[in-house]
file query-v2.txt (compact mmCIF, C-alpha atoms and all ligand atoms)
# COMPACT_ATOMS: atom_id res chain seq x y z
CA MET A 1 98.26 115.55 128.05
CA PRO A 2 97.99 112.88 125.34
CA ASN A 3 99.39 113.39 121.84
CA PRO A 4 96.82 112.22 119.27
CA SER A 5 98.27 111.82 115.79
CA LEU A 6 97.25 110.71 112.31
CA GLN A 7 99.66 108.26 110.72
CA VAL A 8 99.86 106.58 107.34
CA THR A 9 101.12 102.99 107.34
CA ALA A 10 103.25 101.27 104.71
CA ASP A 11 100.17 99.23 103.70
CA HIS A 12 98.08 102.36 102.97
CA LEU A 13 96.01 102.56 106.13
CA LEU A 14 95.27 105.59 108.26
CA LYS A 15 95.83 105.17 112.00
CA GLN A 16 94.76 107.56 114.72
CA ILE A 17 97.11 106.76 117.57
CA GLU A 18 99.02 108.31 120.43
CA ALA A 19 102.48 109.56 119.50
CA PRO A 20 105.35 110.20 121.91
CA VAL A 21 105.96 113.76 123.12
CA LEU A 22 109.58 114.68 122.42
CA ALA A 23 111.67 117.16 124.39
CA PRO A 24 113.05 120.03 122.29
CA GLN A 25 116.73 119.47 121.54
CA ARG A 26 119.33 122.23 121.19
CA GLY A 27 118.07 124.79 118.67
CA GLU A 28 114.55 123.35 118.62
CA VAL A 29 111.15 124.45 119.88
CA LEU A 30 108.32 122.25 121.12
CA LEU A 31 105.09 123.40 119.50
CA GLN A 32 101.45 122.71 120.01
CA ILE A 33 100.26 122.44 116.41
CA LYS A 34 97.05 124.49 116.19
CA ALA A 35 96.15 124.06 112.51
CA THR A 36 97.25 121.81 109.65
CA GLY A 37 95.96 122.09 106.09
CA ILE A 38 95.41 118.89 104.14
CA CYS A 39 97.11 118.76 100.77
CA SER A 40 96.48 116.57 97.74
CA SER A 41 99.93 115.04 98.39
CA ASP A 42 98.77 113.77 101.82
CA VAL A 43 95.96 111.86 100.11
CA HIS A 44 98.42 110.57 97.52
CA PHE A 45 100.86 109.31 100.18
CA TRP A 46 97.98 107.55 101.93
CA LYS A 47 96.47 105.93 98.84
CA SER A 48 99.60 105.02 96.90
CA GLY A 49 102.34 105.16 99.54
CA ARG A 50 104.66 107.22 97.37
CA ILE A 51 105.24 110.30 95.24
CA GLY A 52 108.16 109.71 92.88
CA SER A 53 111.14 108.63 94.94
CA LEU A 54 109.47 109.53 98.26
CA VAL A 55 108.17 106.25 99.71
CA PHE A 56 106.35 105.57 103.01
CA GLU A 57 108.23 102.47 104.18
CA ASP A 58 106.75 102.55 107.69
CA ASP A 59 104.26 104.48 109.85
CA CYS A 60 104.62 108.23 109.52
CA ILE A 61 102.59 111.18 110.84
CA LEU A 62 101.16 113.26 107.97
CA GLY A 63 101.00 117.05 107.72
CA HIS A 64 103.20 119.84 106.37
CA GLU A 65 100.96 122.95 106.16
CA ALA A 66 100.94 124.11 109.74
CA SER A 67 100.95 126.75 112.45
CA GLY A 68 101.16 126.48 116.20
CA VAL A 69 102.21 127.96 119.49
CA VAL A 70 105.57 127.59 121.22
CA LEU A 71 105.25 125.53 124.42
CA LYS A 72 108.93 125.22 125.26
CA VAL A 73 112.26 126.27 123.78
CA GLY A 74 115.39 124.13 123.68
CA GLU A 75 118.88 125.22 124.63
CA GLY A 76 120.35 127.97 122.48
CA VAL A 77 116.99 129.35 121.29
CA ASN A 78 116.98 133.05 122.11
CA ASP A 79 114.61 134.64 119.63
CA LEU A 80 111.46 132.67 120.50
CA LYS A 81 109.64 132.16 123.77
CA THR A 82 106.73 130.21 125.23
CA GLY A 83 103.44 131.57 123.88
CA ASP A 84 104.79 132.81 120.55
CA ARG A 85 102.45 132.05 117.65
CA VAL A 86 104.33 130.69 114.65
CA ALA A 87 104.00 129.15 111.20
CA VAL A 88 106.04 126.04 110.42
CA GLU A 89 108.32 125.92 107.38
CA PRO A 90 108.28 122.14 106.96
CA GLY A 91 111.48 121.52 104.99
CA VAL A 92 114.69 121.55 107.02
CA PRO A 93 117.65 121.53 104.61
CA CYS A 94 121.16 120.27 105.44
CA GLY A 95 122.75 123.72 105.22
CA LEU A 96 126.01 122.23 103.92
CA CYS A 97 125.57 121.08 100.33
CA PHE A 98 126.26 123.18 97.24
CA MET A 99 122.57 124.00 96.72
CA CYS A 100 122.24 125.16 100.34
CA ALA A 101 125.45 127.19 99.94
CA ASP A 102 123.90 128.82 96.86
CA GLY A 103 120.76 129.77 98.84
CA ARG A 104 118.67 127.34 96.80
CA TYR A 105 117.92 125.28 99.87
CA ASN A 106 114.66 123.94 98.43
CA LEU A 107 116.80 121.80 96.12
CA CYS A 108 118.78 120.26 99.01
CA ALA A 109 118.87 116.48 98.55
CA ASP A 110 119.11 115.94 102.31
CA VAL A 111 116.04 117.97 103.30
CA LYS A 112 114.11 116.65 106.30
CA PHE A 113 110.55 117.40 105.27
CA SER A 114 107.81 117.12 107.92
CA GLY A 115 105.09 114.68 106.94
CA VAL A 116 107.19 112.79 104.40
CA TYR A 117 108.57 109.45 105.62
CA PRO A 118 110.70 109.12 107.74
CA TYR A 119 110.05 112.61 109.18
CA HIS A 120 106.90 112.92 111.26
CA GLY A 121 104.55 115.71 110.28
CA THR A 122 102.24 118.16 111.97
CA MET A 123 99.00 116.17 112.39
CA GLN A 124 99.68 115.71 116.07
CA ARG A 125 99.37 117.89 119.16
CA TYR A 126 103.04 118.15 120.12
CA LYS A 127 105.80 118.53 117.57
CA THR A 128 109.43 119.58 117.86
CA HIS A 129 110.92 121.65 115.03
CA PRO A 130 114.14 123.66 114.57
CA ALA A 131 113.52 127.22 115.77
CA HIS A 132 115.20 128.56 112.62
CA TRP A 133 112.42 127.02 110.50
CA VAL A 134 109.44 128.56 112.25
CA HIS A 135 108.22 132.10 111.54
CA ARG A 136 106.50 134.32 114.08
CA LEU A 137 102.92 135.30 113.16
CA PRO A 138 101.61 138.84 113.63
CA ASP A 139 98.50 139.15 115.84
CA ASN A 140 96.24 139.77 112.85
CA VAL A 141 97.17 136.48 111.14
CA SER A 142 95.14 133.54 112.50
CA TYR A 143 96.38 129.99 112.95
CA ALA A 144 94.21 128.95 110.00
CA GLU A 145 95.91 131.57 107.82
CA GLY A 146 99.24 130.46 109.25
CA ALA A 147 98.61 127.00 107.82
CA LEU A 148 97.80 128.52 104.41
CA LEU A 149 101.26 130.10 104.26
CA GLU A 150 102.65 126.81 102.95
CA PRO A 151 100.56 126.60 99.76
CA LEU A 152 100.93 130.38 99.43
CA SER A 153 104.70 129.83 99.55
CA VAL A 154 104.46 127.43 96.61
CA VAL A 155 102.59 130.06 94.62
CA MET A 156 104.93 132.84 95.80
CA ASN A 157 107.90 130.92 94.41
CA GLY A 158 106.10 130.36 91.10
CA ILE A 159 105.06 133.99 90.77
CA ARG A 160 108.52 135.29 91.62
CA SER A 161 110.12 133.07 89.04
CA ALA A 162 107.47 133.77 86.37
CA GLY A 163 107.70 137.54 86.93
CA LEU A 164 104.17 138.91 86.46
CA SER A 165 103.55 142.38 84.98
CA LEU A 166 100.94 145.03 85.72
CA GLY A 167 98.15 145.00 83.17
CA ARG A 168 99.28 141.85 81.40
CA GLY A 169 97.08 138.81 80.93
CA VAL A 170 97.60 135.63 82.92
CA ALA A 171 95.88 132.27 82.62
CA ILE A 172 95.79 129.83 85.50
CA CYS A 173 95.17 126.13 84.80
CA GLY A 174 93.39 124.36 87.65
CA ALA A 175 91.17 125.85 90.37
CA GLY A 176 92.30 123.72 93.30
CA PRO A 177 93.79 125.45 96.35
CA ILE A 178 97.07 126.14 94.52
CA GLY A 179 95.34 127.52 91.40
CA LEU A 180 92.98 129.64 93.51
CA ILE A 181 95.85 131.11 95.51
CA ALA A 182 97.70 131.73 92.23
CA LEU A 183 94.59 133.50 90.93
CA ALA A 184 94.39 135.79 93.96
CA ALA A 185 98.15 136.40 93.89
CA ALA A 186 98.12 137.24 90.18
CA ARG A 187 95.27 139.69 90.81
CA ALA A 188 97.21 141.23 93.71
CA SER A 189 100.28 141.48 91.44
CA GLY A 190 98.29 143.63 89.01
CA SER A 191 97.86 141.02 86.28
CA HIS A 192 94.77 141.57 84.11
CA PRO A 193 92.80 140.02 82.47
CA LEU A 194 92.76 136.70 84.33
CA VAL A 195 91.35 133.42 83.06
CA ILE A 196 91.18 130.30 85.23
CA THR A 197 90.43 126.82 83.92
CA ASP A 198 89.18 123.59 85.44
CA ILE A 199 87.18 120.57 84.39
CA GLU A 200 85.01 120.80 87.49
CA PRO A 201 82.30 123.55 87.25
CA ARG A 202 81.92 123.84 91.02
CA ARG A 203 85.56 124.79 91.39
CA LEU A 204 85.15 127.41 88.66
CA ALA A 205 82.06 128.82 90.38
CA PHE A 206 84.11 129.16 93.56
CA ALA A 207 86.94 130.88 91.63
CA LYS A 208 84.49 133.45 90.24
CA GLU A 209 83.21 134.24 93.73
CA PHE A 210 86.74 134.35 95.12
CA VAL A 211 88.15 136.74 92.49
CA PRO A 212 85.12 138.27 90.72
CA SER A 213 87.17 139.97 87.98
CA CYS A 214 88.35 136.61 86.61
CA VAL A 215 86.91 134.80 83.62
CA THR A 216 86.39 131.06 84.00
CA TYR A 217 86.93 128.44 81.31
CA GLN A 218 85.64 124.91 81.63
CA VAL A 219 88.06 122.69 79.77
CA ASN A 220 86.30 121.02 76.83
CA THR A 221 87.22 117.35 76.93
CA GLN A 222 86.05 116.99 73.29
CA LEU A 223 88.83 119.32 72.16
CA ASP A 224 92.54 118.54 72.08
CA ALA A 225 95.13 120.64 73.93
CA GLU A 226 95.60 122.97 70.99
CA GLY A 227 91.83 123.48 70.67
CA ASN A 228 91.49 124.32 74.36
CA GLY A 229 94.61 126.52 74.25
CA ARG A 230 93.22 128.53 71.33
CA ALA A 231 89.81 128.85 73.06
CA ILE A 232 91.54 130.23 76.17
CA GLN A 233 93.50 132.71 74.03
CA LYS A 234 90.24 133.97 72.46
CA LEU A 235 88.95 134.93 75.92
CA PHE A 236 91.74 137.53 76.04
CA GLY A 237 90.87 139.02 72.64
CA SER A 238 91.01 138.14 68.97
CA ASP A 239 94.60 139.34 68.51
CA GLU A 240 97.39 137.15 69.89
CA TYR A 241 98.96 140.34 71.27
CA PHE A 242 96.43 140.18 74.13
CA ALA A 243 96.94 136.47 74.81
CA PRO A 244 98.41 135.67 78.23
CA GLU A 245 102.06 136.49 78.67
CA THR A 246 102.17 133.96 81.51
CA VAL A 247 100.31 130.73 82.19
CA LEU A 248 100.48 129.36 85.71
CA GLU A 249 99.92 125.61 85.32
CA CYS A 250 98.46 124.35 88.62
CA THR A 251 97.16 120.86 87.76
CA GLY A 252 100.19 118.75 86.84
CA VAL A 253 97.94 116.97 84.34
CA GLU A 254 99.67 116.30 81.01
CA THR A 255 96.84 117.56 78.77
CA SER A 256 96.67 120.75 80.83
CA VAL A 257 100.43 121.34 80.51
CA CYS A 258 100.04 120.98 76.73
CA THR A 259 97.01 123.30 76.79
CA ALA A 260 99.10 125.86 78.71
CA ALA A 261 101.74 125.74 75.98
CA TYR A 262 99.08 126.59 73.36
CA ALA A 263 97.34 129.21 75.51
CA VAL A 264 100.42 131.34 76.20
CA ARG A 265 101.35 133.94 73.62
CA ARG A 266 104.56 133.58 71.62
CA GLY A 267 107.59 134.47 73.72
CA GLY A 268 105.63 133.97 76.95
CA THR A 269 106.18 131.83 80.02
CA VAL A 270 104.52 128.62 81.13
CA MET A 271 105.21 128.18 84.84
CA ALA A 272 104.68 124.54 85.79
CA ILE A 273 103.63 124.60 89.44
CA GLY A 274 101.56 121.41 89.30
CA VAL A 275 103.38 118.10 89.42
CA GLY A 276 102.31 114.90 87.75
CA ARG A 277 103.59 111.90 85.84
CA ALA A 278 107.30 111.13 85.75
CA ILE A 279 107.38 111.20 81.96
CA MET A 280 105.16 113.35 79.77
CA ASN A 281 105.36 112.19 76.19
CA ASN A 282 103.00 114.57 74.44
CA LEU A 283 104.68 117.90 75.08
CA PRO A 284 104.36 120.03 71.90
CA PHE A 285 108.11 120.38 71.59
CA MET A 286 108.27 122.18 68.23
CA HIS A 287 105.53 124.64 69.15
CA ILE A 288 107.36 125.51 72.36
CA SER A 289 110.61 125.82 70.42
CA LEU A 290 109.33 127.91 67.51
CA ALA A 291 107.35 130.23 69.79
CA GLU A 292 110.31 130.59 72.21
CA ILE A 293 108.04 129.71 75.12
CA LYS A 294 109.86 129.62 78.42
CA LEU A 295 108.82 126.44 80.22
CA LYS A 296 109.80 126.93 83.84
CA PHE A 297 109.46 124.82 86.98
CA ILE A 298 109.51 125.31 90.71
CA ASN A 299 110.18 122.84 93.48
CA ARG A 300 108.44 124.02 96.66
CA TYR A 301 109.89 127.29 97.97
CA ARG A 302 112.76 129.17 99.51
CA ASP A 303 112.60 132.32 101.59
CA THR A 304 108.87 132.76 101.03
CA TRP A 305 107.38 132.82 104.55
CA PRO A 306 108.26 136.44 105.44
CA SER A 307 106.72 137.86 102.25
CA SER A 308 103.73 135.50 102.48
CA ILE A 309 103.12 136.65 106.06
CA ALA A 310 103.38 140.28 104.89
CA CYS A 311 100.75 139.61 102.19
CA LEU A 312 98.25 138.27 104.73
CA SER A 313 99.06 140.69 107.50
CA GLY A 314 99.09 143.68 105.15
CA GLY A 315 95.76 142.79 103.53
CA ILE A 316 97.29 142.14 100.08
CA LEU A 317 95.71 138.69 100.02
CA ASP A 318 92.70 137.33 101.89
CA LEU A 319 92.79 133.53 101.77
CA LYS A 320 90.46 132.79 104.70
CA ARG A 321 87.56 131.90 102.40
CA LEU A 322 89.53 128.97 100.98
CA VAL A 323 88.90 127.03 104.19
CA SER A 324 85.80 124.99 103.39
CA HIS A 325 85.88 122.48 106.27
CA THR A 326 87.47 122.23 109.71
CA PHE A 327 87.91 119.08 111.81
CA PRO A 328 89.27 118.65 115.34
CA LEU A 329 92.60 116.82 115.59
CA GLU A 330 90.88 113.74 117.03
CA GLN A 331 88.90 113.45 113.76
CA ALA A 332 91.82 113.99 111.37
CA LYS A 333 91.02 110.69 109.64
CA ASP A 334 87.56 112.00 108.64
CA ALA A 335 89.26 115.11 107.23
CA LEU A 336 91.52 112.99 104.99
CA GLU A 337 88.55 110.93 103.86
CA LEU A 338 86.62 114.06 102.94
CA VAL A 339 89.51 115.46 100.88
CA SER A 340 90.01 112.14 99.10
CA ASP A 341 86.54 112.30 97.52
CA THR A 342 86.44 115.27 95.13
CA ARG A 343 82.63 115.04 94.93
CA ASN A 344 82.47 116.51 98.44
CA GLY A 345 83.17 119.98 97.09
CA SER A 346 85.92 120.77 99.57
CA ILE A 347 88.55 123.41 98.85
CA LYS A 348 90.99 123.59 101.77
CA VAL A 349 90.30 121.34 104.73
CA LEU A 350 91.95 122.12 108.06
CA VAL A 351 92.63 119.96 111.08
CA VAL A 352 92.64 122.19 114.17
CA ASP A 353 93.43 121.66 117.82
CA GLU A 354 91.40 124.01 120.01
CA VAL A 355 92.45 122.50 123.35
CA GLU A 356 94.93 124.44 125.42
CA ALA A 357 97.79 121.99 125.70
CA THR A 358 100.00 121.81 128.75
CA LEU A 359 103.22 119.94 129.31
N1 LIG A 401 105.81 122.28 92.60
C1 LIG A 401 105.58 122.18 93.91
O1 LIG A 401 106.47 122.35 94.74
C2 LIG A 401 104.20 121.88 94.40
C3 LIG A 401 103.84 122.08 95.73
C4 LIG A 401 102.53 121.83 96.14
C5 LIG A 401 101.61 121.35 95.21
N2 LIG A 401 102.01 121.12 93.93
C6 LIG A 401 101.09 120.59 92.92
O2 LIG A 401 100.22 121.61 92.49
C7 LIG A 401 99.08 121.00 91.90
C8 LIG A 401 97.81 121.66 92.42
O3 LIG A 401 97.65 121.42 93.80
P1 LIG A 401 96.19 121.52 94.45
O4 LIG A 401 96.35 121.28 95.90
O5 LIG A 401 95.51 122.74 94.01
O6 LIG A 401 95.53 120.21 93.79
P2 LIG A 401 94.03 119.83 93.46
O7 LIG A 401 94.05 118.43 93.00
O8 LIG A 401 93.12 120.19 94.59
O9 LIG A 401 93.62 120.79 92.23
C9 LIG A 401 93.87 120.50 90.90
C10 LIG A 401 92.68 121.03 90.08
O10 LIG A 401 92.97 120.78 88.70
C11 LIG A 401 91.75 120.41 88.08
N3 LIG A 401 92.06 119.69 86.83
C12 LIG A 401 92.30 118.38 86.63
N4 LIG A 401 92.54 118.13 85.33
C13 LIG A 401 92.45 119.32 84.69
C14 LIG A 401 92.60 119.72 83.34
N5 LIG A 401 92.89 118.84 82.38
N6 LIG A 401 92.46 121.02 83.05
C15 LIG A 401 92.15 121.93 84.00
N7 LIG A 401 91.99 121.61 85.30
C16 LIG A 401 92.13 120.33 85.64
C17 LIG A 401 91.04 119.57 89.11
O11 LIG A 401 89.65 119.48 88.85
C18 LIG A 401 91.36 120.34 90.40
O12 LIG A 401 90.37 121.31 90.71
C19 LIG A 401 99.19 119.51 92.21
O13 LIG A 401 99.77 118.86 91.09
C20 LIG A 401 100.16 119.49 93.36
O14 LIG A 401 100.83 118.26 93.48
C21 LIG A 401 103.27 121.37 93.51
ZN ZN A 402 101.17 120.48 100.36
ZN ZN A 403 121.69 120.94 101.55
call {"tool": "encode", "arguments": {"input": "query-v2.txt", "output": "structure tokens"}}
result
Amino acid sequence: MPNPSLQVTADHLLKQIEAPVLAPQRGEVLLQIKATGICSSDVHFWKSGRIGSLVFEDDCILGHEASGVVLKVGEGVNDLKTGDRVAVEPGVPCGLCFMCADGRYNLCADVKFSGVYPYHGTMQRYKTHPAHWVHRLPDNVSYAEGALLEPLSVVMNGIRSAGLSLGRGVAICGAGPIGLIALAAARASGSHPLVITDIEPRRLAFAKEFVPSCVTYQVNTQLDAEGNGRAIQKLFGSDEYFAPETVLECTGVETSVCTAAYAVRRGGTVMAIGVGRAIMNNLPFMHISLAEIKLKFINRYRDTWPSSIACLSGGILDLKRLVSHTFPLEQAKDALELVSDTRNGSIKVLVVDEVEATL
């Protein structure tokens, strides 16, 4: 059977072409990828060819939010078999460096990350992947949900590190897929009240439907970061005591990071999940210092798939409604184009492969 794939070229074009089908090496499985979620970073790699030091120097298959079915196992793979449904953990760390030794494998400098040049991603029918870095899916978790485990993993890492508390207020900046998952995860963690911000009213309307107990705040572009931060605080009550103990920043936009620093109560935590410009010059340094605000960061995830699977399988989180559009693998290019235009009102767009692949 052919192996259609979606590739980004070094000169910022999208190509839908046949890719080779590789045999699984020792310790690997050959998967049929059944679903891949499209991420804002995929669009970024296509349009600008880079994110920070990650540069697309040649053709590379996109895709890192994926699930699939095992078609064949390589030598030495004993705990998986043909027909197993799995989610893909896309980053394969070296296992040898000091960060890997410390269990912080997400900080490995030698990670081979699917969908980031030169490592081909999951927007293809047949992909090999180390068996250690796939996670078996329970029967009640669909392939679509399996693909959502990757953005959920990002949020899981942020929430773990921020440490949310029952009955404490949380604000979430940005109602894209990451912010929306953070909203649902904060709700499931017992945080209350919840305020979510965006500049785009349609995204806020979706957030309100998705987690009805939340309050939405449309960022006022006439106000500065402090003005917006104070307005967000007021939604929690007139006394700063009730202001959010944690702000989950899910935009990576500089003004929003500054707003988060003014929205959090003194002594609280701003968890920067969003990523943005290399240098941010306008950080309110003295405010953060005097208020002893903990400004924390996460880089992707480590050891988050098992607990993310448990959340979906155990009914703690229902993320299915985030999928706004679905395209067959052969039309993956149209899916990327849809995501690249924010006016289309998409939330999470999936590329799926319904055919039953054979070898
Ligand atoms: N740290 C990590 O490991 C990691 C992993 C995955 C994604 N991310 C980052 O998380 C962020 C969110 O991802 P996403 O897929 O939801 O992206 P997205 O672009 O779909 O969503 C971002 C949302 O922020 C809103 N926004 C823009 N400016 C704003 C402002 N000033 N105030 C409030 N809202 C504003 C946008 O309208 C949009 O709805 C991105 O920066 C992404 O790169 C980080
Ligand atoms: Zn992503
Ligand atoms: Zn390493």
call {"tool": "atom_distance", "arguments": {"input": "query-v2.txt", "atom1": "CA of Ala231 in chain A", "atom2": "CA of Val215 in chain A"}}
result
12.5 Å
call {"tool": "residues_near_point", "arguments": {"input": "query-v2.txt", "point": "(91.9, 124.0, 81.8)", "cutoff": "6 Å", "atoms": "all atoms listed in the file", "output": "NGL selection string"}}
result
:A and (173 or 197-198 or 219 or 256)
call {"tool": "residues_around", "arguments": {"input": "query-v2.txt", "residues": "range 297-302 of chain A", "least_positions_apart": "4", "cutoff": "8 Å", "atoms": "all atoms listed in the file", "output": "VMD selection string"}}
result
chain A and resid 104 to 107 153 to 154 156 to 158 161 271 to 273
call {"tool": "residues_near_ligand", "arguments": {"input": "query-v2.txt", "ligand": "ligand ZN 403 (chain A)", "cutoff": "10 Å", "atoms": "all atoms listed in the file", "output": "PDB file with C-alpha atoms, in the frame of the given file"}}
result
ATOM      1  CA  VAL A  92     114.690 121.550 107.020  1.00  0.00           C
ATOM      2  CA  PRO A  93     117.650 121.530 104.610  1.00  0.00           C
ATOM      3  CA  CYS A  94     121.160 120.270 105.440  1.00  0.00           C
ATOM      4  CA  GLY A  95     122.750 123.720 105.220  1.00  0.00           C
ATOM      5  CA  LEU A  96     126.010 122.230 103.920  1.00  0.00           C
ATOM      6  CA  CYS A  97     125.570 121.080 100.330  1.00  0.00           C
ATOM      7  CA  PHE A  98     126.260 123.180  97.240  1.00  0.00           C
ATOM      8  CA  MET A  99     122.570 124.000  96.720  1.00  0.00           C
ATOM      9  CA  CYS A 100     122.240 125.160 100.340  1.00  0.00           C
ATOM     10  CA  ALA A 101     125.450 127.190  99.940  1.00  0.00           C
ATOM     11  CA  ASP A 102     123.900 128.820  96.860  1.00  0.00           C
ATOM     12  CA  GLY A 103     120.760 129.770  98.840  1.00  0.00           C
ATOM     13  CA  ARG A 104     118.670 127.340  96.800  1.00  0.00           C
ATOM     14  CA  TYR A 105     117.920 125.280  99.870  1.00  0.00           C
ATOM     15  CA  ASN A 106     114.660 123.940  98.430  1.00  0.00           C
ATOM     16  CA  LEU A 107     116.800 121.800  96.120  1.00  0.00           C
ATOM     17  CA  CYS A 108     118.780 120.260  99.010  1.00  0.00           C
ATOM     18  CA  ALA A 109     118.870 116.480  98.550  1.00  0.00           C
ATOM     19  CA  ASP A 110     119.110 115.940 102.310  1.00  0.00           C
ATOM     20  CA  VAL A 111     116.040 117.970 103.300  1.00  0.00           C
ATOM     21  CA  LYS A 112     114.110 116.650 106.300  1.00  0.00           C
TER      22      LYS A 112
END
call {"tool": "closest_residue", "arguments": {"input": "query-v2.txt", "among": "A:Ala278, A:Val141, A:Ile178, A:Ala131", "to": "ligand LIG 401 (chain A)", "atoms": "only C-alpha atoms and all ligand atoms"}}
result
A:Ile178
call {"tool": "closest_residue", "arguments": {"input": "query-v2.txt", "among": "A:Asp224, A:Glu209, A:Glu65, A:Glu28", "to": "His129 in chain A", "atoms": "all atoms listed in the file"}}
result
A:Glu28
call {"tool": "closest_residue", "arguments": {"input": "query-v2.txt", "among": "A:Thr128, A:Ser67, A:Thr358, A:Asn344", "to": "ligand LIG 401 (chain A)", "atoms": "all atoms listed in the file"}}
result
A:Asn344
